[in-house]
file protein_37.txt (compact mmCIF, C-alpha atoms and all ligand atoms)
# COMPACT_ATOMS: atom_id res chain seq x y z
CA MET A 1 58.88 -24.00 30.82
CA SER A 2 60.68 -20.81 29.88
CA HIS A 3 64.16 -20.26 31.21
CA TYR A 4 64.67 -18.75 34.63
CA SER A 5 67.82 -19.30 36.62
CA ILE A 6 67.65 -19.34 40.38
CA LYS A 7 70.11 -17.14 42.24
CA LYS A 8 67.65 -15.89 44.84
CA LEU A 9 64.85 -18.03 46.21
CA LEU A 10 62.06 -17.27 48.63
CA LEU A 11 61.36 -20.37 50.71
CA GLY A 12 57.90 -20.45 52.27
CA VAL A 13 57.52 -22.84 55.21
CA THR A 14 54.02 -23.81 56.30
CA GLY A 15 52.81 -25.71 59.36
CA GLY A 16 53.57 -29.41 59.06
CA ILE A 17 56.00 -31.77 60.71
CA ALA A 18 58.09 -31.78 57.50
CA ALA A 19 59.02 -28.18 58.42
CA TYR A 20 62.06 -29.65 60.18
CA LYS A 21 63.30 -30.94 56.82
CA ALA A 22 63.07 -27.42 55.41
CA ALA A 23 66.05 -26.54 57.62
CA GLU A 24 68.20 -29.06 55.74
CA LEU A 25 66.74 -27.75 52.50
CA VAL A 26 68.00 -24.24 53.31
CA ARG A 27 71.47 -25.64 54.06
CA LEU A 28 71.60 -27.47 50.71
CA LEU A 29 70.33 -24.45 48.77
CA VAL A 30 72.92 -22.17 50.36
CA LYS A 31 75.56 -24.76 49.44
CA GLN A 32 74.48 -24.33 45.81
CA ASP A 33 75.17 -20.57 46.18
CA ILE A 34 71.46 -19.78 46.16
CA GLU A 35 70.46 -16.85 48.37
CA VAL A 36 67.49 -17.96 50.46
CA GLN A 37 64.89 -15.70 52.08
CA VAL A 38 62.67 -17.66 54.45
CA VAL A 39 59.06 -16.70 55.16
CA MET A 40 57.15 -18.82 57.70
CA THR A 41 53.48 -19.08 58.45
CA SER A 42 52.48 -18.75 62.07
CA ALA A 43 51.72 -22.50 62.23
CA ALA A 44 55.21 -23.31 60.91
CA THR A 45 56.77 -21.51 63.89
CA GLN A 46 55.07 -24.10 66.13
CA PHE A 47 57.34 -26.76 64.56
CA VAL A 48 60.65 -24.94 64.02
CA THR A 49 61.76 -21.56 65.30
CA PRO A 50 62.58 -18.69 62.92
CA MET A 51 66.04 -18.57 64.53
CA THR A 52 66.91 -21.97 62.99
CA PHE A 53 66.21 -20.64 59.51
CA GLN A 54 67.89 -17.31 60.22
CA ALA A 55 71.08 -19.10 61.28
CA LEU A 56 71.08 -21.31 58.18
CA SER A 57 70.09 -18.65 55.62
CA GLY A 58 72.02 -15.78 57.20
CA LYS A 59 68.94 -13.55 56.80
CA PRO A 60 66.15 -12.40 59.10
CA VAL A 61 63.05 -14.56 58.74
CA TYR A 62 59.68 -12.97 58.03
CA THR A 63 56.57 -14.37 59.71
CA ASP A 64 54.07 -11.57 59.85
CA LEU A 65 52.32 -9.31 57.38
CA TRP A 66 52.18 -6.63 60.05
CA GLN A 67 55.87 -6.64 61.13
CA PRO A 68 56.73 -2.93 61.67
CA ASP A 69 60.36 -3.46 60.53
CA ASN A 70 59.19 -4.33 57.00
CA GLY A 71 60.37 -0.97 55.63
CA ASN A 72 57.50 0.59 53.72
CA GLY A 73 55.10 -1.99 55.11
CA MET A 74 54.89 -3.68 51.70
CA ALA A 75 56.82 -6.86 52.51
CA HIS A 76 54.31 -8.94 50.52
CA ILE A 77 55.26 -7.03 47.35
CA ASP A 78 58.95 -6.36 48.04
CA LEU A 79 59.89 -9.89 49.05
CA SER A 80 58.46 -11.55 45.97
CA ARG A 81 60.02 -8.93 43.65
CA GLN A 82 63.53 -9.60 44.96
CA VAL A 83 63.64 -13.32 44.08
CA ASP A 84 63.76 -15.51 40.98
CA ALA A 85 61.29 -18.08 42.33
CA VAL A 86 59.14 -18.95 45.35
CA LEU A 87 59.22 -22.48 46.73
CA VAL A 88 56.76 -23.48 49.45
CA ALA A 89 58.11 -26.55 51.28
CA PRO A 90 56.40 -28.08 53.09
CA ALA A 91 53.09 -26.93 51.60
CA SER A 92 50.20 -27.99 53.86
CA ALA A 93 46.78 -29.02 52.54
CA ASP A 94 45.40 -25.80 53.96
CA PHE A 95 48.00 -23.68 52.21
CA LEU A 96 47.33 -25.38 48.86
CA ALA A 97 43.62 -24.68 49.30
CA LYS A 98 44.40 -21.03 50.02
CA LEU A 99 46.53 -20.78 46.87
CA VAL A 100 43.68 -22.22 44.79
CA HIS A 101 41.34 -19.50 45.99
CA GLY A 102 43.81 -16.63 45.95
CA ALA A 103 43.37 -16.14 49.69
CA ALA A 104 45.70 -13.55 51.17
CA ASP A 105 45.31 -13.53 54.95
CA ASP A 106 48.94 -13.85 56.00
CA LEU A 107 52.35 -12.81 54.65
CA LEU A 108 53.14 -16.01 52.72
CA SER A 109 49.76 -16.36 50.98
CA THR A 110 49.73 -12.63 50.20
CA LEU A 111 53.17 -12.62 48.63
CA CYS A 112 52.32 -15.74 46.61
CA LEU A 113 49.34 -13.85 45.21
CA ALA A 114 51.42 -10.71 44.59
CA ARG A 115 54.40 -12.50 43.02
CA ASP A 116 55.50 -12.08 39.42
CA CYS A 117 57.89 -15.08 39.41
CA LYS A 118 57.65 -18.86 39.26
CA LEU A 119 55.93 -20.68 42.16
CA LEU A 120 56.73 -24.26 43.14
CA VAL A 121 55.13 -26.20 45.98
CA ALA A 122 56.17 -29.38 47.78
CA PRO A 123 53.02 -30.84 49.37
CA ALA A 124 53.35 -32.61 52.72
CA MET A 125 50.40 -34.11 54.56
CA ASN A 126 48.74 -37.27 55.83
CA GLN A 127 47.93 -39.75 53.04
CA GLN A 128 44.18 -39.49 53.64
CA MET A 129 44.36 -35.71 53.37
CA TRP A 130 46.39 -36.03 50.14
CA ASN A 131 43.95 -38.54 48.64
CA ASN A 132 40.91 -36.49 49.62
CA PRO A 133 39.06 -35.39 46.46
CA ALA A 134 39.23 -31.79 47.68
CA THR A 135 43.05 -31.84 47.78
CA GLN A 136 43.26 -33.66 44.45
CA ARG A 137 40.93 -31.06 42.93
CA ASN A 138 43.13 -28.31 44.35
CA ILE A 139 46.28 -29.89 42.91
CA ARG A 140 44.71 -30.06 39.44
CA GLN A 141 43.71 -26.41 39.70
CA LEU A 142 47.20 -25.36 40.82
CA GLN A 143 48.74 -27.25 37.90
CA HIS A 144 46.29 -25.54 35.59
CA ASP A 145 47.40 -22.20 37.07
CA GLY A 146 51.02 -22.96 36.11
CA ILE A 147 52.25 -23.80 39.60
CA SER A 148 54.81 -26.64 39.73
CA ILE A 149 53.95 -29.46 42.12
CA LEU A 150 57.06 -31.26 43.43
CA GLY A 151 56.09 -34.65 44.86
CA PRO A 152 54.81 -35.80 47.24
CA ALA A 153 56.65 -39.05 47.92
CA SER A 154 55.06 -42.19 49.29
CA GLY A 155 56.08 -44.01 52.43
CA SER A 156 55.75 -44.11 56.20
CA GLN A 157 54.38 -40.93 57.73
CA ALA A 158 54.91 -39.12 61.02
CA CYS A 159 51.32 -40.03 62.01
CA GLY A 160 52.14 -43.74 61.72
CA GLU A 161 50.23 -44.31 58.48
CA THR A 162 51.78 -45.27 55.16
CA GLY A 163 50.99 -43.78 51.76
CA PRO A 164 51.45 -40.75 49.51
CA GLY A 165 51.90 -37.36 51.15
CA ARG A 166 55.48 -37.28 52.43
CA MET A 167 57.43 -34.24 51.41
CA LEU A 168 60.19 -35.03 48.91
CA GLU A 169 63.59 -35.28 50.56
CA PRO A 170 65.58 -32.01 50.59
CA GLU A 171 68.21 -33.41 48.14
CA GLU A 172 65.49 -34.32 45.66
CA LEU A 173 63.81 -30.92 46.02
CA VAL A 174 67.08 -29.13 45.27
CA GLU A 175 67.64 -31.39 42.26
CA ARG A 176 64.12 -30.76 40.92
CA LEU A 177 64.52 -27.03 41.43
CA LEU A 178 67.86 -26.95 39.62
CA SER A 179 66.71 -29.14 36.76
CA SER A 180 63.60 -27.04 36.10
CA SER A 181 65.68 -23.88 36.00
CA GLN A 182 68.54 -24.88 33.69
CA PRO A 183 69.33 -22.26 31.05
CA LYS A 184 67.94 -23.36 27.69
CA LEU A 185 71.36 -23.14 26.01
CA PHE A 186 70.57 -25.82 23.43
CA ALA A 187 67.04 -24.92 22.38
CA GLY A 188 66.63 -25.99 18.76
CA ARG A 189 69.92 -27.95 18.77
CA ARG A 190 70.32 -31.67 18.17
CA ILE A 191 72.80 -33.67 20.23
CA LEU A 192 73.83 -37.28 19.60
CA ILE A 193 75.35 -39.07 22.60
CA THR A 194 76.86 -42.55 22.94
CA ALA A 195 76.92 -44.15 26.39
CA GLY A 196 77.77 -47.32 28.26
CA PRO A 197 80.05 -50.18 27.31
CA THR A 198 79.85 -52.37 24.24
CA GLN A 199 79.76 -56.15 24.33
CA GLU A 200 81.71 -58.20 21.79
CA SER A 201 80.53 -61.80 21.57
CA ILE A 202 82.95 -64.67 21.93
CA ASP A 203 80.21 -67.28 21.71
CA PRO A 204 76.44 -67.27 22.47
CA VAL A 205 77.04 -66.88 26.24
CA ARG A 206 80.38 -65.05 26.63
CA VAL A 207 81.34 -61.47 25.84
CA ILE A 208 84.27 -59.07 26.06
CA THR A 209 83.17 -55.88 27.77
CA ASN A 210 84.28 -53.30 30.38
CA HIS A 211 83.13 -51.68 33.63
CA SER A 212 81.35 -48.69 32.10
CA SER A 213 77.95 -48.15 33.77
CA GLY A 214 76.62 -45.53 31.32
CA LYS A 215 75.99 -43.08 34.20
CA MET A 216 78.03 -40.24 32.69
CA GLY A 217 76.46 -40.53 29.22
CA TYR A 218 72.95 -40.79 30.67
CA SER A 219 73.59 -37.76 32.91
CA ILE A 220 74.74 -35.76 29.88
CA ALA A 221 71.62 -36.84 27.99
CA ARG A 222 69.41 -35.71 30.88
CA ALA A 223 71.24 -32.40 31.32
CA ALA A 224 71.06 -31.74 27.56
CA ILE A 225 67.30 -32.33 27.60
CA GLU A 226 66.92 -29.95 30.55
CA MET A 227 68.82 -27.37 28.50
CA GLY A 228 66.39 -27.68 25.62
CA ALA A 229 68.28 -30.01 23.22
CA GLU A 230 66.74 -32.72 21.08
CA VAL A 231 68.71 -35.76 22.24
CA THR A 232 69.47 -39.09 20.57
CA LEU A 233 71.15 -41.53 22.94
CA VAL A 234 72.86 -44.59 21.44
CA SER A 235 73.41 -46.85 24.41
CA GLY A 236 75.34 -50.04 25.02
CA PRO A 237 73.93 -52.54 27.54
CA VAL A 238 73.40 -50.75 30.89
CA ALA A 239 71.13 -51.13 33.93
CA LEU A 240 69.79 -47.58 33.76
CA GLN A 241 66.37 -46.18 32.95
CA ALA A 242 66.27 -44.37 29.60
CA PRO A 243 66.16 -40.60 30.22
CA SER A 244 62.66 -39.34 29.55
CA GLY A 245 62.52 -37.16 26.47
CA ALA A 246 65.51 -38.77 24.72
CA ASN A 247 65.31 -40.95 21.64
CA THR A 248 67.21 -43.92 23.09
CA ILE A 249 68.59 -46.55 20.72
CA PRO A 250 69.90 -49.70 22.42
CA VAL A 251 72.87 -51.47 20.80
CA THR A 252 75.22 -54.24 21.87
CA SER A 253 78.47 -54.27 19.89
CA ALA A 254 80.80 -51.51 18.64
CA GLN A 255 79.81 -52.25 15.05
CA GLU A 256 76.14 -51.89 15.94
CA MET A 257 76.94 -48.67 17.78
CA LEU A 258 78.73 -47.24 14.74
CA ALA A 259 75.82 -48.22 12.47
CA ALA A 260 73.29 -46.57 14.82
CA VAL A 261 75.42 -43.42 15.10
CA GLU A 262 75.82 -43.12 11.33
CA ALA A 263 72.12 -43.75 10.73
CA ASN A 264 71.27 -40.87 13.10
CA MET A 265 74.05 -38.46 12.17
CA LYS A 266 72.03 -36.28 9.84
CA ASN A 267 71.44 -32.73 11.10
CA GLN A 268 73.19 -33.30 14.41
CA ASP A 269 74.84 -30.19 15.83
CA ILE A 270 76.90 -31.94 18.49
CA PHE A 271 78.28 -35.46 18.96
CA ILE A 272 79.37 -36.44 22.47
CA SER A 273 81.10 -39.81 22.51
CA VAL A 274 80.92 -41.00 26.10
CA ALA A 275 80.68 -44.73 25.40
CA ALA A 276 83.55 -46.96 26.46
CA VAL A 277 83.69 -48.71 23.11
CA ALA A 278 85.56 -52.02 23.17
CA ASP A 279 88.70 -51.47 21.13
CA TYR A 280 88.83 -55.11 19.97
CA ARG A 281 86.38 -57.87 19.09
CA PRO A 282 86.92 -61.59 18.48
CA VAL A 283 87.73 -62.26 14.82
CA LYS A 284 85.30 -65.16 14.96
CA THR A 285 82.21 -65.50 17.12
CA SER A 286 81.61 -69.17 17.78
CA GLN A 287 78.09 -70.20 16.81
CA HIS A 288 77.95 -72.64 19.74
CA LYS A 289 79.17 -72.38 23.30
CA ILE A 290 82.90 -73.14 23.42
CA LYS A 291 83.37 -76.26 25.53
CA LYS A 292 85.55 -76.07 28.61
CA SER A 293 88.81 -78.01 28.44
CA ALA A 294 92.14 -78.05 30.25
CA ALA A 295 93.99 -76.85 27.16
CA PRO A 296 94.76 -73.11 26.85
CA LEU A 297 92.24 -71.22 24.77
CA THR A 298 93.35 -68.54 22.33
CA ILE A 299 90.91 -65.93 21.09
CA THR A 300 92.22 -63.80 18.24
CA LEU A 301 91.00 -60.22 18.37
CA GLU A 302 90.73 -57.58 15.68
CA ALA A 303 90.36 -53.83 16.04
CA ASN A 304 86.90 -52.29 16.21
CA PRO A 305 86.14 -49.15 14.21
CA ASP A 306 86.83 -45.91 16.10
CA ILE A 307 83.36 -44.37 16.12
CA LEU A 308 84.42 -40.92 17.29
CA ALA A 309 87.33 -40.63 14.85
CA THR A 310 85.04 -41.79 12.04
CA VAL A 311 82.45 -39.12 12.84
CA ALA A 312 85.03 -36.37 13.45
CA SER A 313 86.62 -36.94 10.03
CA ARG A 314 83.34 -36.57 8.12
CA PRO A 315 83.12 -33.45 5.95
CA ASP A 316 79.81 -32.61 7.64
CA ALA A 317 81.12 -33.41 11.15
CA PRO A 318 79.18 -31.84 14.00
CA PHE A 319 80.96 -30.33 17.03
CA CYS A 320 82.66 -33.47 18.41
CA VAL A 321 83.44 -34.13 22.07
CA GLY A 322 85.40 -37.14 23.28
CA PHE A 323 85.97 -38.75 26.64
CA ALA A 324 89.26 -40.22 27.81
CA ALA A 325 89.49 -42.54 30.79
CA GLU A 326 93.14 -43.09 31.62
CA SER A 327 94.97 -44.83 34.43
CA GLU A 328 98.14 -42.66 34.19
CA ASN A 329 99.53 -39.53 32.49
CA LEU A 330 95.95 -38.27 32.28
CA LEU A 331 96.40 -34.87 30.68
CA GLN A 332 99.13 -35.90 28.26
CA TYR A 333 97.34 -39.02 26.97
CA ALA A 334 93.98 -37.27 26.78
CA ASP A 335 95.33 -34.32 24.83
CA GLU A 336 97.18 -36.62 22.45
CA LYS A 337 93.86 -38.39 21.86
CA ARG A 338 92.12 -35.08 21.27
CA ARG A 339 94.65 -34.06 18.63
CA ARG A 340 94.77 -37.49 16.98
CA LYS A 341 90.98 -37.64 16.69
CA ARG A 342 90.83 -33.92 15.69
CA LEU A 343 88.44 -32.93 18.45
CA PRO A 344 87.82 -29.39 19.70
CA LEU A 345 87.20 -30.78 23.19
CA ILE A 346 87.92 -33.89 25.26
CA ALA A 347 86.84 -34.66 28.84
CA ALA A 348 89.46 -36.60 30.77
CA ASN A 349 89.24 -38.57 33.98
CA ILE A 350 91.03 -41.29 35.88
CA ALA A 351 89.36 -44.58 34.90
CA SER A 352 89.30 -46.13 38.38
CA GLU A 353 87.72 -42.97 39.86
CA ALA A 354 85.08 -42.61 37.17
CA LEU A 355 83.92 -45.97 35.79
CA GLY A 356 80.71 -47.08 37.48
CA GLN A 357 80.85 -44.30 40.12
CA ASP A 358 78.04 -41.80 40.89
CA GLN A 359 80.53 -38.99 41.37
CA SER A 360 83.69 -38.11 39.53
CA SER A 361 85.94 -35.23 38.59
CA LEU A 362 86.79 -34.19 35.03
CA VAL A 363 89.37 -32.12 33.24
CA LEU A 364 88.17 -30.47 30.03
CA LEU A 365 90.93 -30.04 27.45
CA ASP A 366 90.60 -27.70 24.49
CA ASP A 367 92.86 -25.43 22.43
CA GLU A 368 92.96 -22.98 25.30
CA GLY A 369 94.25 -25.51 27.84
CA ALA A 370 92.93 -27.48 30.80
CA HIS A 371 89.73 -26.63 32.70
CA PRO A 372 89.33 -28.80 35.81
CA LEU A 373 85.84 -29.64 37.12
CA PRO A 374 86.13 -30.75 40.76
CA GLN A 375 84.54 -33.91 42.21
CA ALA A 376 80.74 -33.75 41.91
CA PRO A 377 77.73 -35.92 41.05
CA LYS A 378 77.83 -36.80 37.35
CA LEU A 379 74.69 -34.76 36.60
CA MET A 380 76.43 -31.63 37.92
CA LEU A 381 79.53 -32.41 35.83
CA ALA A 382 77.29 -32.97 32.82
CA ARG A 383 75.75 -29.50 33.25
CA SER A 384 79.18 -27.87 33.52
CA LEU A 385 80.44 -29.77 30.46
CA LEU A 386 77.42 -28.67 28.42
CA GLN A 387 77.87 -25.06 29.52
CA HIS A 388 81.48 -25.26 28.37
CA ILE A 389 80.41 -26.68 25.00
CA ALA A 390 77.80 -23.93 24.58
CA ALA A 391 80.39 -21.25 25.36
CA MET A 392 82.89 -22.76 22.85
CA MET A 393 80.25 -22.95 20.13
CA ASP A 394 79.18 -19.38 20.81
CA LYS A 395 82.77 -18.20 20.53
CA ASN A 396 83.28 -20.14 17.27
CA ARG A 397 80.21 -18.47 15.82
CA VAL A 398 81.33 -15.00 16.76
CA GLY A 399 85.04 -15.50 15.95
O1 LIG A 401 89.34 -45.77 23.52
P1 LIG A 401 89.81 -44.37 23.58
O2 LIG A 401 90.50 -44.06 24.84
O3 LIG A 401 90.51 -43.91 22.34
O4 LIG A 401 88.45 -43.48 23.67
C1 LIG A 401 88.47 -42.10 23.58
C2 LIG A 401 87.21 -41.60 22.94
O5 LIG A 401 86.98 -42.28 21.72
C3 LIG A 401 85.93 -41.80 23.75
O6 LIG A 401 85.17 -40.63 23.56
C4 LIG A 401 85.28 -43.00 23.14
O7 LIG A 401 83.87 -42.92 23.24
C5 LIG A 401 85.72 -42.89 21.69
N1 LIG A 401 85.88 -44.21 21.04
C6 LIG A 401 85.09 -44.54 19.96
N2 LIG A 401 85.24 -45.72 19.32
C7 LIG A 401 86.19 -46.60 19.73
C8 LIG A 401 87.01 -46.28 20.82
C9 LIG A 401 86.81 -45.08 21.46
O8 LIG A 401 84.21 -43.75 19.60
N3 LIG A 401 86.33 -47.73 19.09

call {"tool": "encode", "arguments": {"input": "protein_37.txt", "output": "structure tokens", "more": "lines below"}}
Ligand code: C5P
result
Amino acid sequence: MSHYSIKKLLLGVTGGIAAYKAAELVRLLVKQDIEVQVVMTSAATQFVTPMTFQALSGKPVYTDLWQPDNGNGMAHIDLSRQVDAVLVAPASADFLAKLVHGAADDLLSTLCLARDCKLLVAPAMNQQMWNNPATQRNIRQLQHDGISILGPASGSQACGETGPGRMLEPEELVERLLSSSQPKLFAGRRILITAGPTQESIDPVRVITNHSSGKMGYSIARAAIEMGAEVTLVSGPVALQAPSGANTIPVTSAQEMLAAVEANMKNQDIFISVAAVADYRPVKTSQHKIKKSAAPLTITLEANPDILATVASRPDAPFCVGFAAESENLLQYADEKRRRKRLPLIAANIASEALGQDQSSLVLLDDEGAHPLPQAPKLMLARSLLQHIAAMMDKNRVG
């Protein structure tokens, strides 16, 4: 999909019980600083009043092709020209059928036909209606016409039946909308990312590891893919699904991670070292399980290689980004690390607030100083971090 960023969105609401969820959708979109213009079909107004959407969007709601206050009477053209995308949520079976045929008998269907921007639809209907061959045929045709189909989800339905046809939840719709519209800042670029913890074996059943969940590294991989990068993800043991579109290489120990990173280093433009690599490993891994006894047990540890420092000191080093999780003196320790490892950029956070969490805050440290990113889901932080990297690389190229 070519790049389009969404600042202004036209939200079409059609007649289905999920119309009440569209109110929450407007609230979430506005929270993302997206300007929302709502257009309702006549059937939609039977479920929710235009006033609800007007209050949430801060704009008058259009419902009628023949509204005399539509300026030049060309609302169907004007409205779709003023926005970056049209999202119809919920999209009823009837509305999908109208789109397939290019019907234009009300304001929403007419402006969809007249639009020159991206159209996305979030179907919502009874499971039997969704499974009907006519609807499935329509969906295939819409996909063929370049219209994005978001959902539907499966589950219990307002009619009491269970199955596919529920509209995606508003949070998920916002996420899908944002992810499909990320600027393609890294098209043609290759990014290598490490994520998760490492495990250092003591014996066949015991390991030394840490609380890293891999969520930050996986979020960065996903955001980088959305922005057009070719991503290699070297991952320690985590309970996360590999991001689709990434070349994911599973590893266990720090030494394995270093070997995988070096084997994949060629032609990388950027290296983002998010993994919480164990700093030490047992000097000896016992071949058999160490037997329990009352006597104290001493395990001698030796230092693991520093993967990031190793990569950053290569003559052909890519743009290197480190992470620093600290429990105190965050900015001072992180910047010391950045200088020691010779990194243009390091992302710092408080370990207890970041490790394993879905949300976090970050401070980006570079030669120009500290750039705080406030508390947000890790995917949002990942997008901001990548935008910062793109801006730094752009500046380096120009300067
Ligand atoms: O462990 P430390 O706080 O120095 O980690 C800072 C950065 O160095 C992180 O980006 C981490 O991924 C990287 N690192 C590494 N290899 C190690 C230790 C840390 O690549 N052995």

call {"tool": "residues_around", "arguments": {"input": "protein_37.txt", "residues": "A:Leu168", "least_positions_apart": "2", "cutoff": "10 Å", "atoms": "all atoms listed in the file", "output": "ChimeraX atom specification"}}
result
/A:18,21,89-90,122-124,150-154,165-166,170-174,176

call {"tool": "atom_distance", "arguments": {"input": "protein_37.txt", "atom1": "atom CA of A:Val86", "atom2": "atom CA of A:Cys159"}}
result
28.0 Å

call {"tool": "residues_around", "arguments": {"input": "protein_37.txt", "residues": "A:Val363", "least_positions_apart": "3", "cutoff": "6 Å", "atoms": "all atoms listed in the file", "output": "ChimeraX atom specification"}}
result
/A:347-348,371-373

call {"tool": "closest_residue", "arguments": {"input": "protein_37.txt", "among": "A:Ile272, A:Val26, A:Ile208, A:Ile202", "to": "ligand LIG 401 (chain A)", "atoms": "all atoms listed in the file"}}
result
A:Ile272

call {"tool": "closest_residue", "arguments": {"input": "protein_37.txt", "among": "A:Ala309, A:Ala43, A:Val121, A:Ala263", "to": "ligand LIG 401 (chain A)", "atoms": "only C-alpha atoms and all ligand atoms"}}
result
A:Ala309

call {"tool": "residues_near_ligand", "arguments": {"input": "protein_37.txt", "ligand": "ligand LIG 401 (chain A)", "cutoff": "9 Å", "atoms": "all atoms listed in the file", "output": "VMD selection string"}}
result
chain A and resid 194 to 195 254 to 255 257 to 258 272 to 280 303 to 311 321 to 326 333 to 334 337 to 338 341 346 to 347

call {"tool": "write_last_selection", "arguments": {"input": "protein_37.txt", "atoms": "C-alpha atoms", "output": "CSV table (one decimal), keeping the file's coordinate frame"}}
result
chain,number,residue,atom,x,y,z
A,194,THR,CA,76.9,-42.6,22.9
A,195,ALA,CA,76.9,-44.2,26.4
A,254,ALA,CA,80.8,-51.5,18.6
A,255,GLN,CA,79.8,-52.2,15.0
A,257,MET,CA,76.9,-48.7,17.8
A,258,LEU,CA,78.7,-47.2,14.7
A,272,ILE,CA,79.4,-36.4,22.5
A,273,SER,CA,81.1,-39.8,22.5
A,274,VAL,CA,80.9,-41.0,26.1
A,275,ALA,CA,80.7,-44.7,25.4
A,276,ALA,CA,83.6,-47.0,26.5
A,277,VAL,CA,83.7,-48.7,23.1
A,278,ALA,CA,85.6,-52.0,23.2
A,279,ASP,CA,88.7,-51.5,21.1
A,280,TYR,CA,88.8,-55.1,20.0
A,303,ALA,CA,90.4,-53.8,16.0
A,304,ASN,CA,86.9,-52.3,16.2
A,305,PRO,CA,86.1,-49.2,14.2
A,306,ASP,CA,86.8,-45.9,16.1
A,307,ILE,CA,83.4,-44.4,16.1
A,308,LEU,CA,84.4,-40.9,17.3
A,309,ALA,CA,87.3,-40.6,14.8
A,310,THR,CA,85.0,-41.8,12.0
A,311,VAL,CA,82.4,-39.1,12.8
A,321,VAL,CA,83.4,-34.1,22.1
A,322,GLY,CA,85.4,-37.1,23.3
A,323,PHE,CA,86.0,-38.8,26.6
A,324,ALA,CA,89.3,-40.2,27.8
A,325,ALA,CA,89.5,-42.5,30.8
A,326,GLU,CA,93.1,-43.1,31.6
A,333,TYR,CA,97.3,-39.0,27.0
A,334,ALA,CA,94.0,-37.3,26.8
A,337,LYS,CA,93.9,-38.4,21.9
A,338,ARG,CA,92.1,-35.1,21.3
A,341,LYS,CA,91.0,-37.6,16.7
A,346,ILE,CA,87.9,-33.9,25.3
A,347,ALA,CA,86.8,-34.7,28.8

call {"tool": "residues_around", "arguments": {"input": "protein_37.txt", "residues": "A:Val13", "least_positions_apart": "4", "cutoff": "9 Å", "atoms": "only C-alpha atoms", "output": "PyMOL selection string"}}
result
chain A and resi 19+22+38-41+44-45+87-91+108

call {"tool": "closest_residue", "arguments": {"input": "protein_37.txt", "among": "A:Lys215, A:Cys117, A:Glu328, A:Pro133", "to": "A:Ser360", "atoms": "all atoms listed in the file"}}
result
A:Lys215

call {"tool": "residues_around", "arguments": {"input": "protein_37.txt", "residues": "A:Pro237", "least_positions_apart": "2", "cutoff": "8 Å", "atoms": "all atoms listed in the file", "output": "list in words"}}
result
Gly196, Pro197, Thr198, Gln199, Ser235, Ala239, Pro250, Val251 and Thr252 of chain A

call {"tool": "residues_around", "arguments": {"input": "protein_37.txt", "residues": "stretch 386-389 of chain A", "least_positions_apart": "4", "cutoff": "9 Å", "atoms": "all atoms listed in the file", "output": "list in words"}}
result
Leu185, Phe186, Ile220, Ala223, Ala224, Met227, Phe319, Val321, Leu345, Leu364, Leu381, Ala382, Met393 and Asp394 of chain A

call {"tool": "axis_aligned_box", "arguments": {"input": "protein_37.txt", "around": "stretch 199-209 of chain A", "padding_each_side": "3 Å", "output": "JSON"}}
result
{"center_x": 80.4, "center_y": -61.6, "center_z": 24.7, "size_x": 13.8, "size_y": 17.4, "size_z": 12.2}

call {"tool": "closest_residue", "arguments": {"input": "protein_37.txt", "among": "A:Val205, A:Ala354, A:Leu233, A:Leu9", "to": "A:Val83", "atoms": "only C-alpha atoms"}}
result
A:Leu9

call {"tool": "atom_distance", "arguments": {"input": "protein_37.txt", "atom1": "atom CA of A:Gly214", "atom2": "atom CA of A:Asp335"}}
result
22.8 Å

call {"tool": "atom_distance", "arguments": {"input": "protein_37.txt", "atom1": "atom CA of A:Gly356", "atom2": "atom CA of A:Leu240"}}
result
11.5 Å

call {"tool": "closest_residue", "arguments": {"input": "protein_37.txt", "among": "A:Gly155, A:Gly146, A:Pro315, A:Pro282", "to": "A:Ile299", "atoms": "all atoms listed in the file"}}
result
A:Pro282

call {"tool": "closest_residue", "arguments": {"input": "protein_37.txt", "among": "A:Leu29, A:Met129, A:Leu99, A:Ala260", "to": "A:Gln143", "atoms": "only C-alpha atoms"}}
result
A:Leu99
